[in-house]
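The data block below is my_file_20.txt; it holds compact mmCIF, C-alpha atoms.
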```
# COMPACT_ATOMS: atom_id res chain seq x y z
CA MET A 1 -94.05 109.76 -56.13
CA ARG A 2 -97.23 111.79 -56.67
CA ARG A 3 -99.35 108.98 -55.26
CA ASP A 4 -97.16 108.92 -52.13
CA LEU A 5 -97.43 112.69 -51.63
CA PRO A 6 -100.77 112.63 -49.70
CA TYR A 7 -99.31 110.08 -47.26
CA ALA A 8 -96.20 112.20 -46.71
CA LEU A 9 -98.26 115.36 -46.14
CA SER A 10 -100.51 113.47 -43.72
CA GLY A 11 -97.44 112.31 -41.77
CA LEU A 12 -96.10 115.85 -41.52
CA ALA A 13 -99.48 117.22 -40.43
CA LEU A 14 -99.81 114.53 -37.74
CA GLY A 15 -96.26 115.24 -36.57
CA VAL A 16 -96.99 118.96 -36.14
CA PHE A 17 -100.24 118.12 -34.36
CA LEU A 18 -98.46 115.70 -32.02
CA LEU A 19 -95.74 118.16 -31.07
CA GLY A 20 -98.28 120.92 -30.52
CA ASN A 21 -100.49 118.68 -28.39
CA ALA A 22 -97.47 117.54 -26.34
CA ALA A 23 -96.50 121.15 -25.69
CA LEU A 24 -100.03 122.10 -24.55
CA ALA A 25 -101.02 118.97 -22.59
CA PRO A 26 -100.78 119.57 -18.85
CA ASP A 27 -99.57 116.07 -17.98
CA ALA A 28 -97.11 115.69 -20.90
CA ALA A 29 -93.35 115.58 -20.40
CA PRO A 30 -91.03 118.07 -22.13
CA VAL A 31 -90.34 117.32 -25.80
CA ARG A 32 -86.69 116.57 -26.51
CA ALA A 33 -84.65 115.94 -29.67
CA VAL A 34 -85.26 112.20 -29.44
CA ASP A 35 -88.99 112.79 -29.42
CA VAL A 36 -88.77 115.00 -32.51
CA ALA A 37 -86.77 112.21 -34.19
CA LEU A 38 -89.56 109.76 -33.33
CA VAL A 39 -92.10 112.07 -34.95
CA LEU A 40 -89.92 112.30 -38.07
CA VAL A 41 -89.68 108.49 -38.19
CA MET A 42 -93.46 108.33 -38.05
CA ALA A 43 -93.81 110.84 -40.88
CA ALA A 44 -91.26 108.98 -43.02
CA ALA A 45 -93.01 105.66 -42.36
CA LEU A 46 -96.38 107.10 -43.41
CA ALA A 47 -94.78 108.47 -46.60
CA VAL A 48 -93.99 104.91 -47.76
CA CYS A 49 -97.13 103.36 -46.29
CA ARG A 50 -98.73 102.76 -49.69
CA ARG A 51 -95.79 100.79 -51.09
CA TYR A 52 -94.59 99.07 -47.89
CA PRO A 53 -97.62 98.84 -45.60
CA VAL A 54 -96.24 96.25 -43.13
CA VAL A 55 -92.87 97.98 -42.71
CA ALA A 56 -94.57 101.36 -42.33
CA LEU A 57 -97.06 99.95 -39.83
CA SER A 58 -94.24 98.50 -37.71
CA GLY A 59 -92.29 101.77 -37.77
CA VAL A 60 -95.30 103.91 -36.90
CA THR A 61 -96.40 101.59 -34.08
CA VAL A 62 -92.97 101.44 -32.44
CA ALA A 63 -92.34 105.19 -32.86
CA MET A 64 -95.71 106.28 -31.48
CA LEU A 65 -95.65 103.78 -28.62
CA THR A 66 -92.18 105.00 -27.65
CA LEU A 67 -93.32 108.62 -27.91
CA HIS A 68 -96.33 107.87 -25.72
CA VAL A 69 -94.12 106.25 -23.07
CA ARG A 70 -91.62 109.14 -23.10
CA VAL A 71 -93.87 112.19 -23.52
CA HIS A 72 -97.44 110.98 -22.98
CA PRO A 73 -99.11 113.29 -25.55
CA GLY A 74 -102.47 111.60 -25.03
CA VAL A 75 -104.69 109.79 -27.54
CA SER A 76 -103.21 111.87 -30.38
CA ALA A 77 -100.33 109.36 -30.51
CA ALA A 78 -102.83 106.78 -31.79
CA PHE A 79 -103.90 108.77 -34.87
CA ALA A 80 -100.89 107.83 -37.01
CA VAL A 81 -101.17 104.18 -35.94
CA LEU A 82 -104.86 104.17 -36.87
CA GLY A 83 -104.03 105.42 -40.38
CA ALA A 84 -101.29 102.83 -40.85
CA VAL A 85 -103.62 100.06 -39.59
CA TYR A 86 -106.28 101.11 -42.08
CA VAL A 87 -103.83 101.08 -45.01
CA ALA A 88 -102.40 97.69 -44.00
CA ALA A 89 -105.88 96.14 -43.74
CA TRP A 90 -106.85 97.73 -47.07
CA ARG A 91 -103.78 96.21 -48.74
CA GLY A 92 -104.68 92.76 -47.41
CA HIS A 93 -102.34 92.48 -44.38
CA ARG A 94 -105.07 91.74 -41.87
CA THR A 95 -102.90 89.83 -39.39
CA ALA A 96 -100.27 92.57 -39.25
CA ALA A 97 -102.96 95.23 -38.75
CA ALA A 98 -104.64 93.30 -35.92
CA LEU A 99 -101.30 92.52 -34.22
CA ALA A 100 -100.16 96.17 -34.40
CA SER A 101 -103.50 97.25 -32.93
CA LEU A 102 -103.14 94.86 -29.99
CA VAL A 103 -99.51 95.84 -29.36
CA PHE A 104 -100.25 99.55 -29.34
CA LEU A 105 -103.37 99.19 -27.21
CA GLY A 106 -101.53 96.94 -24.73
CA GLY A 107 -98.59 99.33 -24.46
CA PHE A 108 -100.87 102.36 -24.21
CA LEU A 109 -102.90 100.76 -21.41
CA ALA A 110 -99.80 99.53 -19.53
CA ARG A 111 -98.25 103.00 -19.59
CA ASP A 112 -101.47 104.66 -18.38
CA ILE A 113 -101.79 102.20 -15.51
CA SER A 114 -98.14 102.49 -14.48
CA VAL A 115 -98.18 106.29 -14.22
CA ALA A 116 -101.73 106.74 -12.93
CA PRO A 117 -101.84 108.47 -9.50
CA ALA A 118 -103.48 106.70 -6.63
CA ASP A 119 -106.35 109.18 -6.43
CA ARG A 120 -107.17 108.90 -10.13
CA PRO A 121 -110.22 106.70 -10.76
CA GLY A 122 -109.66 103.67 -12.97
CA GLN A 123 -112.90 104.46 -14.80
CA LEU A 124 -111.16 107.22 -16.81
CA ILE A 125 -108.42 104.82 -17.94
CA ALA A 126 -111.02 102.20 -18.90
CA GLU A 127 -113.08 104.71 -20.85
CA ARG A 128 -110.08 106.02 -22.81
CA THR A 129 -108.89 102.49 -23.53
CA SER A 130 -112.38 101.47 -24.69
CA LEU A 131 -112.51 104.50 -26.94
CA LEU A 132 -109.17 103.57 -28.51
CA LEU A 133 -110.30 99.96 -28.85
CA GLY A 134 -113.38 101.06 -30.80
CA TRP A 135 -111.26 103.27 -33.05
CA PHE A 136 -108.86 100.43 -33.87
CA VAL A 137 -111.69 97.99 -34.52
CA ALA A 138 -113.27 100.54 -36.84
CA ALA A 139 -109.94 101.11 -38.66
CA ASN A 140 -109.49 97.36 -39.23
CA VAL A 141 -113.06 96.89 -40.41
CA ALA A 142 -112.92 99.95 -42.68
CA GLY A 143 -109.72 98.66 -44.28
CA LEU A 144 -111.28 95.26 -44.95
CA VAL A 145 -114.43 96.85 -46.40
CA ALA A 146 -112.35 99.09 -48.65
CA ARG A 147 -110.36 96.08 -49.87
CA GLN A 148 -113.51 94.09 -50.60
CA ARG A 149 -115.01 97.04 -52.45
CA ARG A 150 -111.89 97.42 -54.57
CA ALA A 151 -111.94 93.69 -55.35
CA TYR A 152 -115.61 93.98 -56.30
CA LEU A 153 -114.95 96.93 -58.61
CA GLU A 154 -112.04 95.09 -60.24
CA GLN A 155 -114.27 92.07 -60.76
CA VAL A 156 -117.00 94.22 -62.30
CA GLU A 157 -114.46 95.88 -64.59
CA GLN A 158 -113.07 92.50 -65.61
CA ARG A 159 -116.56 91.25 -66.37
CA ALA A 160 -117.22 94.34 -68.49
CA ILE A 161 -113.99 93.76 -70.43
CA GLU A 162 -114.89 90.10 -70.89
CA ALA A 163 -118.38 91.01 -72.07
CA GLU A 164 -116.95 93.53 -74.55
CA ARG A 165 -114.49 90.95 -75.83
CA THR A 166 -117.29 88.41 -76.19
CA ARG A 167 -119.40 90.92 -78.14
CA GLU A 168 -116.48 91.64 -80.45
CA GLU A 169 -115.91 87.92 -81.01
CA MET A 170 -119.61 87.44 -81.76
CA ALA A 171 -119.56 90.34 -84.22
CA LEU A 172 -116.43 88.97 -85.92
CA ARG A 173 -117.96 85.51 -86.14
CA ARG A 174 -121.17 86.87 -87.63
CA ALA A 175 -119.18 88.99 -90.06
CA GLY A 176 -117.22 85.89 -91.09
CA GLU A 177 -120.42 83.93 -91.61
CA GLU A 178 -121.83 86.77 -93.73
CA ARG A 179 -118.65 86.89 -95.81
CA LEU A 180 -118.92 83.16 -96.46
CA ARG A 181 -122.56 83.52 -97.47
CA ILE A 182 -121.73 86.34 -99.88
CA ALA A 183 -118.84 84.30 -101.29
CA ARG A 184 -121.14 81.35 -101.92
CA ASP A 185 -123.76 83.57 -103.57
CA LEU A 186 -121.18 85.24 -105.80
CA HIS A 187 -119.72 81.90 -106.77
CA ASP A 188 -123.11 80.41 -107.59
CA SER A 189 -124.46 83.44 -109.50
CA LEU A 190 -121.50 85.08 -111.26
CA THR A 191 -118.74 82.51 -111.66
CA HIS A 192 -120.84 80.20 -113.81
CA SER A 193 -122.04 83.00 -116.12
CA ILE A 194 -118.61 84.55 -116.58
CA SER A 195 -117.08 81.12 -117.17
CA VAL A 196 -119.63 80.45 -119.91
CA ILE A 197 -118.88 83.82 -121.54
CA LYS A 198 -115.15 83.15 -121.42
CA VAL A 199 -115.49 79.62 -122.82
CA GLN A 200 -117.82 80.72 -125.62
CA ALA A 201 -115.53 83.62 -126.55
CA GLY A 202 -112.53 81.28 -126.55
CA ILE A 203 -114.33 78.79 -128.77
CA ALA A 204 -115.31 81.54 -131.21
CA VAL A 205 -111.72 82.82 -131.40
CA HIS A 206 -110.42 79.27 -131.90
CA LEU A 207 -112.90 78.52 -134.69
CA ALA A 208 -112.15 81.80 -136.44
CA ARG A 209 -108.44 81.11 -136.45
CA LYS A 210 -109.06 77.50 -137.50
CA HIS A 211 -110.83 78.75 -140.60
CA GLY A 212 -107.97 81.13 -141.35
CA GLU A 213 -109.87 84.26 -140.30
CA GLU A 214 -108.71 86.98 -137.92
CA PRO A 215 -110.99 87.13 -134.87
CA ALA A 216 -112.95 90.32 -134.45
CA ALA A 217 -111.51 92.91 -132.06
CA ALA A 218 -114.71 92.89 -130.02
CA LEU A 219 -114.48 89.13 -129.62
CA LEU A 220 -110.89 89.38 -128.40
CA ALA A 221 -111.92 92.15 -126.01
CA ILE A 222 -114.71 89.94 -124.64
CA GLN A 223 -112.25 87.08 -124.13
CA GLU A 224 -109.74 89.35 -122.35
CA ALA A 225 -112.37 91.09 -120.23
CA SER A 226 -113.98 87.82 -119.17
CA GLY A 227 -110.58 86.41 -118.20
CA ALA A 228 -109.76 89.52 -116.15
CA ALA A 229 -113.20 89.37 -114.54
CA MET A 230 -112.65 85.74 -113.58
CA ARG A 231 -109.28 86.57 -112.01
CA GLU A 232 -110.71 89.45 -110.01
CA LEU A 233 -113.72 87.42 -108.98
CA ARG A 234 -111.50 84.60 -107.74
CA ALA A 235 -109.41 87.13 -105.79
CA THR A 236 -112.57 88.64 -104.31
CA LEU A 237 -113.92 85.24 -103.32
CA GLY A 238 -110.55 84.43 -101.73
CA VAL A 239 -110.73 87.61 -99.68
CA LEU A 240 -114.29 86.87 -98.58
CA ARG A 241 -113.35 83.34 -97.53
CA SER A 242 -110.22 84.40 -95.65
CA ALA A 243 -109.98 86.01 -92.21
CA THR A 244 -107.86 88.89 -93.49
CA ASP A 245 -108.47 91.43 -96.20
CA GLY A 246 -106.27 91.63 -99.22
CA ASP A 247 -106.71 93.10 -102.69
CA CYS A 248 -103.86 93.27 -105.16
CA VAL A 249 -105.45 95.92 -107.37
CA GLY A 250 -104.12 99.46 -107.24
CA LEU A 251 -103.24 102.45 -109.37
CA ALA A 252 -100.18 100.60 -110.65
CA ARG A 253 -102.58 98.47 -112.71
CA VAL A 254 -104.42 101.35 -114.35
CA GLY A 255 -102.46 100.61 -117.54
CA GLU A 256 -104.10 97.19 -117.74
CA LEU A 257 -107.54 98.81 -117.51
CA ALA A 258 -106.61 101.19 -120.30
CA GLU A 259 -105.41 98.32 -122.51
CA ARG A 260 -108.62 96.34 -122.01
CA THR A 261 -110.71 99.44 -122.75
CA ARG A 262 -108.73 100.09 -125.96
CA ALA A 263 -109.32 96.47 -126.97
CA ALA A 264 -113.05 97.12 -126.55
CA GLY A 265 -112.81 99.96 -129.08
CA VAL A 266 -112.50 103.02 -126.81
CA PRO A 267 -109.28 105.06 -127.20
CA VAL A 268 -107.78 105.78 -123.77
CA GLN A 269 -104.93 108.07 -122.83
CA VAL A 270 -103.20 107.81 -119.42
CA THR A 271 -101.40 110.80 -117.89
CA VAL A 272 -99.52 110.72 -114.58
CA THR A 273 -98.23 113.95 -113.01
CA GLY A 274 -96.29 114.51 -109.84
CA GLN A 275 -93.96 112.06 -108.15
CA PRO A 276 -95.53 108.56 -107.91
CA ARG A 277 -95.15 107.04 -104.46
CA ASP A 278 -96.40 104.18 -102.35
CA LEU A 279 -100.00 104.73 -101.36
CA PRO A 280 -102.07 103.21 -98.58
CA ALA A 281 -103.63 100.00 -99.85
CA GLU A 282 -107.18 101.34 -99.36
CA VAL A 283 -106.46 104.52 -101.33
CA GLY A 284 -104.80 102.67 -104.20
CA GLN A 285 -107.64 100.18 -104.40
CA ALA A 286 -110.30 102.93 -104.29
CA GLY A 287 -108.52 104.90 -107.04
CA TYR A 288 -108.34 101.78 -109.23
CA ARG A 289 -112.04 101.07 -108.73
CA VAL A 290 -112.97 104.67 -109.58
CA VAL A 291 -111.07 104.44 -112.88
CA GLN A 292 -112.55 101.00 -113.58
CA GLU A 293 -116.13 102.14 -113.01
CA ALA A 294 -115.62 105.35 -115.01
CA LEU A 295 -114.18 103.46 -118.00
CA THR A 296 -117.03 100.97 -117.82
CA ASN A 297 -119.53 103.83 -117.98
CA VAL A 298 -117.65 105.33 -120.95
CA ALA A 299 -117.84 102.04 -122.84
CA ARG A 300 -121.52 101.57 -122.03
CA HIS A 301 -123.01 105.06 -122.23
CA ALA A 302 -120.68 107.52 -123.98
CA GLY A 303 -121.11 106.16 -127.53
CA PRO A 304 -118.25 106.86 -129.96
CA ALA A 305 -115.85 108.61 -127.59
CA SER A 306 -112.33 108.68 -126.26
CA ALA A 307 -111.29 108.78 -122.60
CA GLN A 308 -108.49 110.47 -120.69
CA ILE A 309 -107.19 109.19 -117.35
CA HIS A 310 -105.25 111.65 -115.23
CA VAL A 311 -103.52 110.59 -111.99
CA GLU A 312 -102.01 113.49 -110.06
CA TYR A 313 -99.71 112.90 -107.07
CA ALA A 314 -99.41 115.83 -104.65
CA PRO A 315 -97.72 115.97 -101.23
CA ALA A 316 -101.02 116.09 -99.34
CA GLN A 317 -103.52 114.49 -101.72
CA LEU A 318 -104.09 112.17 -104.65
CA THR A 319 -106.39 113.16 -107.52
CA VAL A 320 -107.79 110.65 -109.99
CA SER A 321 -109.90 111.92 -112.89
CA VAL A 322 -111.48 110.28 -115.93
CA THR A 323 -112.99 112.42 -118.67
CA ASP A 324 -114.52 111.59 -122.05
CA ASP A 325 -115.87 113.47 -125.05
CA GLY A 326 -119.00 111.40 -125.46
CA GLN A 327 -122.68 112.23 -125.75
CA ALA A 328 -123.34 113.41 -122.18
CA SER A 329 -124.67 116.98 -121.88
CA PRO A 330 -125.28 119.33 -118.94
CA VAL A 331 -128.86 119.71 -120.15
CA ARG A 332 -129.69 116.12 -119.22
CA PRO A 333 -129.29 115.47 -115.49
CA VAL A 334 -127.21 112.55 -114.33
CA THR A 335 -129.14 109.79 -112.60
CA PRO A 336 -126.74 108.06 -110.21
CA GLY A 337 -126.81 104.30 -110.43
CA VAL A 338 -125.30 101.57 -108.32
CA GLY A 339 -121.85 102.13 -109.80
CA LEU A 340 -121.76 105.87 -109.04
CA ARG A 341 -123.12 105.34 -105.53
CA GLY A 342 -120.52 102.69 -104.82
CA MET A 343 -117.82 104.97 -106.22
CA ARG A 344 -118.91 107.80 -103.91
CA GLU A 345 -119.02 105.49 -100.88
CA ARG A 346 -115.45 104.33 -101.56
CA VAL A 347 -114.12 107.86 -101.86
CA THR A 348 -115.99 109.47 -98.96
CA GLY A 349 -115.22 106.48 -96.75
CA LEU A 350 -111.54 107.44 -97.01
CA GLY A 351 -112.18 111.11 -96.27
CA GLY A 352 -112.06 112.17 -99.93
CA THR A 353 -114.41 114.00 -102.26
CA LEU A 354 -115.99 112.91 -105.55
CA HIS A 355 -117.21 115.18 -108.34
CA VAL A 356 -119.32 113.62 -111.09
CA ALA A 357 -120.90 115.81 -113.79
CA ALA A 358 -121.37 116.31 -117.49
CA ARG A 359 -118.90 118.65 -119.19
CA ASP A 360 -119.92 121.93 -120.78
CA GLY A 361 -118.36 121.02 -124.11
CA GLY A 362 -119.91 117.56 -124.11
CA GLY A 363 -118.84 114.39 -122.43
CA PHE A 364 -118.56 113.34 -118.81
CA ALA A 365 -116.04 113.94 -116.01
CA VAL A 366 -115.31 111.96 -112.85
CA ARG A 367 -112.87 113.48 -110.37
CA ALA A 368 -111.90 111.85 -107.03
CA THR A 369 -109.59 113.45 -104.46
CA PHE A 370 -108.06 111.48 -101.56
CA PRO A 371 -106.23 113.09 -98.60
CA LEU A 372 -102.73 111.72 -97.97
CA ASP A 373 -101.55 113.93 -95.08
CA GLY A 374 -103.04 111.85 -92.27
CA PRO A 375 -105.39 109.02 -91.32
CA ALA A 376 -108.80 109.17 -92.91
```
Mind turning this structure into structure tokens?
Amino acid sequence: MRRDLPYALSGLALGVFLLGNAALAPDAAPVRAVDVALVLVMAAALAVCRRYPVVALSGVTVAMLTLHVRVHPGVSAAFAVLGAVYVAAWRGHRTAAALASLVFLGGFLARDISVAPADRPGQLIAERTSLLLGWFVAANVAGLVARQRRAYLEQVEQRAIEAERTREEMALRRAGEERLRIARDLHDSLTHSISVIKVQAGIAVHLARKHGEEPAAALLAIQEASGAAMRELRATLGVLRSATDGDCVGLARVGELAERTRAAGVPVQVTVTGQPRDLPAEVGQAGYRVVQEALTNVARHAGPASAQIHVEYAPAQLTVSVTDDGQASPVRPVTPGVGLRGMRERVTGLGGTLHVAARDGGGFAVRATFPLDGPA
């Protein structure tokens, strides 16, 4: 309705102009109720000209030609027809626009000739008819040009969309090729080494039990850790080789991390506060990786120490912290390695914050906070 409003207002303005011109023209006949009805028909036809151009063009042409025959308001009767002809040509109805132009011009000329006085020179009639002919030719040509321009713009827009889609497909294809390359490199470099570690640890455990000895706890921890690493590596390689992302790790598996760390000789305590709930897959995975990297650092750098894992669920955020009572001291600055940098990238990539520092009483603390009240 809003798009039709300019057409309706144009029809009303032309109707007022027509009635005013008919009242002021010296050779015009008196305006009667039928003539006002014809003007209203013209205005109504122009109001629907955008949606029904051919019907509106027919109504405007008949109404204005009839008004010209009855009242003879002059060339102002052609203005509404010119607008309807332009819209019809712009919407692609070239034949209807040309036919309406010829019908109106023929009727206009026939009426002028029939009522022309004998002393009136024919040159005036010819000049006015030529002027109207030029206007109608210009209206038809302008409508065709406007249609061709719109078609050109639509074609340019379609080409831009197609080019954007092609760029996205190229980027996805290159990303897929890079994922496959990384998967091959990981398989060639890590899978073999971890498999050897797992096999050797399994053989050592088997031989110890065969000789009636209890395998060492460290050896069992190596066997369990290598098996878990193989499972996660296979899952990672599967994700890299597939078109969709998927990682089954999450905070629900923090207990498994704690068990493996205890098997490696580091006491771990897990505390969960708040009401556990379903988390976005990215947040759960990032929280799991933060705990995993922190426990790995405890086992490697803290020395004889114990670790505490605290997972806190709040309505608007999730907090994951890992602390230990190891050998770290605030006096010695922390040099971030690849693990800490990767941890920070995971957390900040989801809109969270990461705090990593040595504790005043000794030991180390890792605290990650993830927002849960909206998209990251």
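Shortest atom-to-atom contact with Leu354 in chain A among A:Ala286, A:Ala217, A:Leu257, A:Ala96: A:Ala286, counting only C-alpha atoms.
The two atoms in question, CA of Val249 in chain A and CA of Glu232 in chain A, are spaced 8.7 Å apart.
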Using all atoms listed in the file, determine which residues lie at most 12 Å from Gly255 in chain A, disregarding the query and same-chain residues fewer than 6 positions distant; provide the list as a ChimeraX atom specification. /A:249,261-262,268-272,288,291-292,308-311
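Considering all atoms listed in the file, the residue among A:Val290, A:Leu65, A:Leu279, A:Ala47 positioned nearest to Phe79 in chain A is A:Leu65.
Distances to Ala37 in chain A were evaluated for A:Ile113, A:Val145, A:Ala63, A:Leu14 using all atoms listed in the file, and the minimum falls at A:Ala63.
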Counting only C-alpha atoms, the residue among A:Leu12, A:Ala98, A:Val254, A:Val69 that lies closest to Ser321 in chain A is A:Val254
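Take the candidates A:Val103, A:Leu237, A:Ala294, A:Ala25 and check each one against Gly342 in chain A using all atoms listed in the file; the shortest distance goes to A:Ala294.
With distances taken over all atoms listed in the file, A:Gln327 is the one residue among A:Thr61, A:Thr369, A:Gln327, A:Asn21 lying closest to Gly303 in chain A.
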Within 12 Å of Glu214 in chain A using all atoms listed in the file, minus same-chain residues under 6 positions, as a count of residues only: 6
As a check of understanding: the span from CA of Ala221 in chain A to CA of Gly361 in chain A is 29.6 Å
Please identify all polymer residues within 12 Å of Leu131 in chain A, counting all atoms listed in the file, omitting same-chain residues fewer than 5 positions from it, and present them as an mmCIF file with C-alpha atoms, in the coordinates of the input.
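What follows is the written file result24.cif:
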```cif
data_model
loop_
_atom_site.group_PDB
_atom_site.id
_atom_site.type_symbol
_atom_site.label_atom_id
_atom_site.label_comp_id
_atom_site.auth_asym_id
_atom_site.auth_seq_id
_atom_site.Cartn_x
_atom_site.Cartn_y
_atom_site.Cartn_z
ATOM 1 C CA VAL A 75 -104.690 109.790 -27.540
ATOM 2 C CA ALA A 78 -102.830 106.780 -31.790
ATOM 3 C CA LEU A 105 -103.370 99.190 -27.210
ATOM 4 C CA LEU A 109 -102.900 100.760 -21.410
ATOM 5 C CA LEU A 124 -111.160 107.220 -16.810
ATOM 6 C CA ILE A 125 -108.420 104.820 -17.940
ATOM 7 C CA ALA A 126 -111.020 102.200 -18.900
ATOM 8 C CA PHE A 136 -108.860 100.430 -33.870
ATOM 9 C CA VAL A 137 -111.690 97.990 -34.520
ATOM 10 C CA ALA A 138 -113.270 100.540 -36.840
#
```
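Rounded to one decimal, CA of Gly202 in chain A and CA of Ala183 in chain A lie 26.2 Å from each other.
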With all atoms listed in the file as the counted atoms, please give the residues lying no more than 8 Å from range 139-141 of chain A, apart from itself and same-chain residues fewer than 4 positions off, as a PDB file with C-alpha atoms, in the frame of the given file.
```
ATOM      1  CA  LEU A  82    -104.860 104.170 -36.870  1.00  0.00           C
ATOM      2  CA  GLY A  83    -104.030 105.420 -40.380  1.00  0.00           C
ATOM      3  CA  VAL A  85    -103.620 100.060 -39.590  1.00  0.00           C
ATOM      4  CA  TYR A  86    -106.280 101.110 -42.080  1.00  0.00           C
ATOM      5  CA  ALA A  89    -105.880  96.140 -43.740  1.00  0.00           C
ATOM      6  CA  ARG A  94    -105.070  91.740 -41.870  1.00  0.00           C
ATOM      7  CA  ALA A  97    -102.960  95.230 -38.750  1.00  0.00           C
ATOM      8  CA  ALA A  98    -104.640  93.300 -35.920  1.00  0.00           C
ATOM      9  CA  TRP A 135    -111.260 103.270 -33.050  1.00  0.00           C
ATOM     10  CA  VAL A 145    -114.430  96.850 -46.400  1.00  0.00           C
TER      11      VAL A 145
END
```
Residues within 12 Å of Pro315 in chain A, all atoms listed in the file, excluding chain neighbours under 3 positions, as a count of residues only: 15
Rebuild range 55-60 of chain A so that it carries all heavy atoms, then output the result as a compact mmCIF listing (two decimals), in the coordinates of the input.
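Wrote selection26.txt, looks like this:
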```txt
# COMPACT_ATOMS: atom_id res chain seq x y z
N VAL A 55 -94.04 97.30 -43.26
CA VAL A 55 -92.87 97.98 -42.71
C VAL A 55 -93.29 99.33 -42.12
O VAL A 55 -92.85 99.71 -41.02
CB VAL A 55 -91.81 98.17 -43.81
CG1 VAL A 55 -90.63 98.98 -43.29
CG2 VAL A 55 -91.34 96.82 -44.32
N ALA A 56 -94.12 100.07 -42.84
CA ALA A 56 -94.57 101.36 -42.33
C ALA A 56 -95.39 101.20 -41.06
O ALA A 56 -95.24 101.99 -40.11
CB ALA A 56 -95.39 102.08 -43.40
N LEU A 57 -96.25 100.19 -41.02
CA LEU A 57 -97.06 99.95 -39.83
C LEU A 57 -96.18 99.65 -38.63
O LEU A 57 -96.41 100.15 -37.51
CB LEU A 57 -98.03 98.81 -40.10
CG LEU A 57 -98.91 98.37 -38.93
CD1 LEU A 57 -99.81 99.52 -38.47
CD2 LEU A 57 -99.75 97.16 -39.32
N SER A 58 -95.15 98.82 -38.82
CA SER A 58 -94.24 98.50 -37.71
C SER A 58 -93.52 99.74 -37.23
O SER A 58 -93.42 100.00 -36.01
CB SER A 58 -93.22 97.44 -38.17
OG SER A 58 -93.88 96.28 -38.61
N GLY A 59 -93.01 100.55 -38.17
CA GLY A 59 -92.29 101.77 -37.77
C GLY A 59 -93.17 102.76 -37.04
O GLY A 59 -92.77 103.34 -36.02
N VAL A 60 -94.38 102.96 -37.54
CA VAL A 60 -95.30 103.91 -36.90
C VAL A 60 -95.69 103.42 -35.51
O VAL A 60 -95.73 104.20 -34.54
CB VAL A 60 -96.54 104.12 -37.79
CG1 VAL A 60 -97.61 104.92 -37.05
CG2 VAL A 60 -96.16 104.85 -39.07
```
